[in-house]
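Below: the structure, in structure tokens.
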Amino acid sequence: VGSSKHRGGDAAILLSPSFMGEEQAALDSPTRFFLAYGAQDRTIPMPDQQTAHQVLERAGHLTYREYSGMAHAICDEEIADIRDFLRAI
């Protein structure tokens, strides 16, 4: 997890986070979120992944990526997407 303040405001990069127990969480924040998982990630249970996606999507300002064939790891495509996300803010 990382965060940054750029000229365009706050941003947070979340790579395979668990939002276990946060189903009812509500964020009131202008922060822009980049959320990414590997499609084959079994380290973070699927319900926790879905909760993270739903909570951040409700907050708005979400960029979501899922990488086919990737488990609980980082890939070159993900790094390129993060770079693009940061350049856009």
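Letters for chains follow the order of the structure tokens (A, B, ...), residue numbers begin at 1 for each chain, and ligand numbers begin at 1 in the order shown.
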If you run DSSP on the backbone, which residues of chain A are strand (DSSP E or B), as JSON, numbers by chain? {"A": [2, 3, 4, 5, 6, 9, 10, 11, 12, 13, 14, 15, 32, 33, 34, 35, 36, 37, 38, 62, 63, 64, 65, 66, 67]}
Going by DSSP on the backbone, which residues of range 37-82 of chain A come out as helix (DSSP H, G or I)? List them as a list in words. Met46, Pro47, Asp48, Gln49, Gln50, Thr51, Ala52, His53, Gln54, Val55, Leu56, Glu57, Arg58, Ala59, Asp76, Glu77, Glu78, Ile79, Ala80, Asp81 and Ile82 of chain A
Just want the 9 Å neighbourhood of range 23-37 of chain A, counted on only C-alpha atoms, with same-chain residues fewer than 2 positions away dropped. Output as a ChimeraX atom specification. /A:9-17,19-21,39-41,48-49,51-67,70-74,78,82,85,89
Quick one: distance from CA of Ser68 in chain A to CA of Gly38 in chain A in Å, one decimal? 6.3 Å
Report, in Å with one decimal, the straight-line distance from CA of Glu22 in chain A to CA of Ile44 in chain A.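 Distance reported for this atom pair: 14.1 Å.
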